[in-house]
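Printed here is run38.pdb (PDB, C-alpha atoms, pLDDT in the B column):
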ATOM      1  CA  MET A   1      16.978  -6.615  14.358  1.00 56.00           C
ATOM      2  CA  GLN A   2      13.767  -4.631  14.199  1.00 67.00           C
ATOM      3  CA  ASN A   3      11.263  -4.854  16.954  1.00 85.00           C
ATOM      4  CA  PRO A   4       7.684  -5.843  16.038  1.00 86.00           C
ATOM      5  CA  LEU A   5       6.347  -2.297  16.390  1.00 88.00           C
ATOM      6  CA  ASN A   6       8.857  -0.959  13.841  1.00 89.00           C
ATOM      7  CA  PHE A   7       7.870  -3.759  11.482  1.00 84.00           C
ATOM      8  CA  VAL A   8       4.175  -2.836  11.750  1.00 85.00           C
ATOM      9  CA  ASN A   9       4.940   0.881  11.415  1.00 88.00           C
ATOM     10  CA  ASN A  10       6.939   0.264   8.235  1.00 88.00           C
ATOM     11  CA  PHE A  11       4.067  -1.672   6.647  1.00 85.00           C
ATOM     12  CA  SER A  12       1.691   1.087   7.687  1.00 89.00           C
ATOM     13  CA  GLU A  13       3.881   3.711   6.032  1.00 92.00           C
ATOM     14  CA  VAL A  14       4.160   1.674   2.831  1.00 92.00           C
ATOM     15  CA  SER A  15       0.400   1.140   2.803  1.00 92.00           C
ATOM     16  CA  ASN A  16      -0.228   4.874   3.153  1.00 94.00           C
ATOM     17  CA  GLU A  17       2.066   5.506   0.189  1.00 95.00           C
ATOM     18  CA  LEU A  18       0.147   2.913  -1.812  1.00 95.00           C
ATOM     19  CA  LEU A  19      -3.138   4.632  -0.962  1.00 96.00           C
ATOM     20  CA  GLU A  20      -1.762   7.934  -2.242  1.00 97.00           C
ATOM     21  CA  GLU A  21      -0.610   6.220  -5.422  1.00 96.00           C
ATOM     22  CA  MET A  22      -4.010   4.574  -5.802  1.00 96.00           C
ATOM     23  CA  ALA A  23      -5.740   7.961  -5.549  1.00 97.00           C
ATOM     24  CA  GLU A  24      -3.489   9.298  -8.318  1.00 97.00           C
ATOM     25  CA  GLU A  25      -4.264   6.311 -10.536  1.00 96.00           C
ATOM     26  CA  LEU A  26      -7.992   6.732  -9.917  1.00 97.00           C
ATOM     27  CA  GLU A  27      -7.717  10.356 -11.067  1.00 97.00           C
ATOM     28  CA  LYS A  28      -6.041   9.115 -14.255  1.00 96.00           C
ATOM     29  CA  GLY A  29      -8.675   6.424 -14.691  1.00 96.00           C
ATOM     30  CA  ASP A  30      -6.122   3.583 -14.694  1.00 96.00           C
ATOM     31  CA  LEU A  31      -8.248   0.908 -13.071  1.00 96.00           C
ATOM     32  CA  SER A  32      -5.837  -1.929 -13.839  1.00 97.00           C
ATOM     33  CA  GLU A  33      -3.162  -0.166 -11.777  1.00 96.00           C
ATOM     34  CA  VAL A  34      -5.699   0.488  -9.007  1.00 97.00           C
ATOM     35  CA  ARG A  35      -6.507  -3.238  -8.896  1.00 97.00           C
ATOM     36  CA  ALA A  36      -2.792  -4.065  -8.614  1.00 96.00           C
ATOM     37  CA  ILE A  37      -2.386  -1.609  -5.749  1.00 96.00           C
ATOM     38  CA  VAL A  38      -5.413  -3.083  -3.968  1.00 96.00           C
ATOM     39  CA  GLU A  39      -3.767  -6.506  -4.136  1.00 95.00           C
ATOM     40  CA  ASP A  40      -0.565  -5.057  -2.653  1.00 93.00           C
ATOM     41  CA  LEU A  41      -2.563  -3.503   0.179  1.00 93.00           C
ATOM     42  CA  LYS A  42      -4.308  -6.813   0.871  1.00 93.00           C
ATOM     43  CA  GLN A  43      -0.927  -8.535   1.144  1.00 89.00           C
ATOM     44  CA  ASN A  44       0.336  -5.876   3.543  1.00 83.00           C
ATOM     45  CA  LEU A  45      -2.700  -6.339   5.761  1.00 84.00           C
ATOM     46  CA  ASP A  46      -2.275 -10.102   5.840  1.00 83.00           C
TER      47      ASP A  46
END
So, in terms of structure tokens, how does the structure I just supplied come out?
Amino acid sequence: MQNPLNFVNNFSEVSNELLEEMAEELEKGDLSEVRAIVEDLKQNLD
């Protein structure tokens, strides 16, 4: 069983990966994908 700190750290790592992906999509101009990533980030923060 994971302790709470590991759980938070894992979500933080996933969120950082999503931010990197969002930056790539912004460079491509794919705003629909950026919006989807923003929603994923919001869920992670909740």
Could you spell out the hits of the PyMOL selection byres ((chain A and resi 40) around 12) on the shown file, as a ChimeraX atom specification? /A:11,14-19,21-22,33-39,41-46
In Å, how far is it from CA of Leu5 (chain A) to CA of Ala23 (chain A)?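 These atoms are spaced 27.1 Å apart.
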All file atoms of region 43-46 of chain A boxed axis-aligned, 5 Å per side, centre plus edges, as lines of an AutoDock Vina configuration file:
center_x = -1.2
center_y = -8.0
center_z = 3.5
size_x = 13.0
size_y = 14.2
size_z = 14.7
Can you patch up region 24-44 of chain A, filling it in to N, CA, C and O atoms, and show the result as a PDB file, in the coordinates of the input?
ATOM      1  N   GLU A  24      -4.001   8.706  -7.076  1.00 97.00           N
ATOM      2  CA  GLU A  24      -3.489   9.298  -8.318  1.00 97.00           C
ATOM      3  C   GLU A  24      -3.934   8.490  -9.536  1.00 97.00           C
ATOM      4  O   GLU A  24      -4.329   9.055 -10.561  1.00 97.00           O
ATOM      5  N   GLU A  25      -3.873   7.177  -9.421  1.00 96.00           N
ATOM      6  CA  GLU A  25      -4.264   6.311 -10.536  1.00 96.00           C
ATOM      7  C   GLU A  25      -5.765   6.399 -10.792  1.00 96.00           C
ATOM      8  O   GLU A  25      -6.204   6.327 -11.942  1.00 96.00           O
ATOM      9  N   LEU A  26      -6.554   6.555  -9.741  1.00 97.00           N
ATOM     10  CA  LEU A  26      -7.992   6.732  -9.917  1.00 97.00           C
ATOM     11  C   LEU A  26      -8.277   8.022 -10.679  1.00 97.00           C
ATOM     12  O   LEU A  26      -9.158   8.057 -11.542  1.00 97.00           O
ATOM     13  N   GLU A  27      -7.546   9.085 -10.361  1.00 97.00           N
ATOM     14  CA  GLU A  27      -7.717  10.356 -11.067  1.00 97.00           C
ATOM     15  C   GLU A  27      -7.416  10.202 -12.555  1.00 97.00           C
ATOM     16  O   GLU A  27      -8.080  10.800 -13.396  1.00 97.00           O
ATOM     17  N   LYS A  28      -6.417   9.366 -12.858  1.00 96.00           N
ATOM     18  CA  LYS A  28      -6.041   9.115 -14.255  1.00 96.00           C
ATOM     19  C   LYS A  28      -7.010   8.163 -14.941  1.00 96.00           C
ATOM     20  O   LYS A  28      -7.022   8.070 -16.161  1.00 96.00           O
ATOM     21  N   GLY A  29      -7.751   7.409 -14.133  1.00 96.00           N
ATOM     22  CA  GLY A  29      -8.675   6.424 -14.691  1.00 96.00           C
ATOM     23  C   GLY A  29      -8.024   5.093 -15.009  1.00 96.00           C
ATOM     24  O   GLY A  29      -8.584   4.287 -15.747  1.00 96.00           O
ATOM     25  N   ASP A  30      -6.848   4.834 -14.436  1.00 96.00           N
ATOM     26  CA  ASP A  30      -6.122   3.583 -14.694  1.00 96.00           C
ATOM     27  C   ASP A  30      -6.555   2.513 -13.694  1.00 96.00           C
ATOM     28  O   ASP A  30      -5.904   2.267 -12.683  1.00 96.00           O
ATOM     29  N   LEU A  31      -7.677   1.878 -14.008  1.00 96.00           N
ATOM     30  CA  LEU A  31      -8.248   0.908 -13.071  1.00 96.00           C
ATOM     31  C   LEU A  31      -7.410  -0.367 -12.938  1.00 96.00           C
ATOM     32  O   LEU A  31      -7.427  -0.993 -11.878  1.00 96.00           O
ATOM     33  N   SER A  32      -6.680  -0.732 -13.956  1.00 97.00           N
ATOM     34  CA  SER A  32      -5.837  -1.929 -13.839  1.00 97.00           C
ATOM     35  C   SER A  32      -4.735  -1.693 -12.809  1.00 97.00           C
ATOM     36  O   SER A  32      -4.406  -2.591 -12.024  1.00 97.00           O
ATOM     37  N   GLU A  33      -4.185  -0.487 -12.768  1.00 96.00           N
ATOM     38  CA  GLU A  33      -3.162  -0.166 -11.777  1.00 96.00           C
ATOM     39  C   GLU A  33      -3.780  -0.088 -10.386  1.00 96.00           C
ATOM     40  O   GLU A  33      -3.172  -0.523  -9.401  1.00 96.00           O
ATOM     41  N   VAL A  34      -4.993   0.427 -10.294  1.00 97.00           N
ATOM     42  CA  VAL A  34      -5.699   0.488  -9.007  1.00 97.00           C
ATOM     43  C   VAL A  34      -5.905  -0.926  -8.477  1.00 97.00           C
ATOM     44  O   VAL A  34      -5.680  -1.185  -7.286  1.00 97.00           O
ATOM     45  N   ARG A  35      -6.307  -1.841  -9.326  1.00 97.00           N
ATOM     46  CA  ARG A  35      -6.507  -3.238  -8.896  1.00 97.00           C
ATOM     47  C   ARG A  35      -5.207  -3.839  -8.378  1.00 97.00           C
ATOM     48  O   ARG A  35      -5.200  -4.566  -7.374  1.00 97.00           O
ATOM     49  N   ALA A  36      -4.089  -3.545  -9.051  1.00 96.00           N
ATOM     50  CA  ALA A  36      -2.792  -4.065  -8.614  1.00 96.00           C
ATOM     51  C   ALA A  36      -2.421  -3.503  -7.245  1.00 96.00           C
ATOM     52  O   ALA A  36      -1.903  -4.227  -6.377  1.00 96.00           O
ATOM     53  N   ILE A  37      -2.687  -2.231  -7.035  1.00 96.00           N
ATOM     54  CA  ILE A  37      -2.386  -1.609  -5.749  1.00 96.00           C
ATOM     55  C   ILE A  37      -3.257  -2.198  -4.649  1.00 96.00           C
ATOM     56  O   ILE A  37      -2.783  -2.449  -3.533  1.00 96.00           O
ATOM     57  N   VAL A  38      -4.517  -2.461  -4.949  1.00 96.00           N
ATOM     58  CA  VAL A  38      -5.413  -3.083  -3.968  1.00 96.00           C
ATOM     59  C   VAL A  38      -4.857  -4.439  -3.540  1.00 96.00           C
ATOM     60  O   VAL A  38      -4.862  -4.780  -2.344  1.00 96.00           O
ATOM     61  N   GLU A  39      -4.353  -5.201  -4.478  1.00 95.00           N
ATOM     62  CA  GLU A  39      -3.767  -6.506  -4.136  1.00 95.00           C
ATOM     63  C   GLU A  39      -2.551  -6.338  -3.228  1.00 95.00           C
ATOM     64  O   GLU A  39      -2.361  -7.096  -2.277  1.00 95.00           O
ATOM     65  N   ASP A  40      -1.719  -5.333  -3.511  1.00 93.00           N
ATOM     66  CA  ASP A  40      -0.565  -5.057  -2.653  1.00 93.00           C
ATOM     67  C   ASP A  40      -1.010  -4.693  -1.244  1.00 93.00           C
ATOM     68  O   ASP A  40      -0.421  -5.153  -0.257  1.00 93.00           O
ATOM     69  N   LEU A  41      -2.045  -3.882  -1.140  1.00 93.00           N
ATOM     70  CA  LEU A  41      -2.563  -3.503   0.179  1.00 93.00           C
ATOM     71  C   LEU A  41      -3.090  -4.710   0.934  1.00 93.00           C
ATOM     72  O   LEU A  41      -2.866  -4.854   2.148  1.00 93.00           O
ATOM     73  N   LYS A  42      -3.797  -5.595   0.229  1.00 93.00           N
ATOM     74  CA  LYS A  42      -4.308  -6.813   0.871  1.00 93.00           C
ATOM     75  C   LYS A  42      -3.168  -7.642   1.437  1.00 93.00           C
ATOM     76  O   LYS A  42      -3.244  -8.153   2.560  1.00 93.00           O
ATOM     77  N   GLN A  43      -2.084  -7.773   0.674  1.00 89.00           N
ATOM     78  CA  GLN A  43      -0.927  -8.535   1.144  1.00 89.00           C
ATOM     79  C   GLN A  43      -0.310  -7.886   2.380  1.00 89.00           C
ATOM     80  O   GLN A  43       0.080  -8.588   3.313  1.00 89.00           O
ATOM     81  N   ASN A  44      -0.219  -6.562   2.378  1.00 83.00           N
ATOM     82  CA  ASN A  44       0.336  -5.876   3.543  1.00 83.00           C
ATOM     83  C   ASN A  44      -0.519  -6.105   4.780  1.00 83.00           C
ATOM     84  O   ASN A  44       0.010  -6.245   5.887  1.00 83.00           O
TER      85      ASN A  44
END
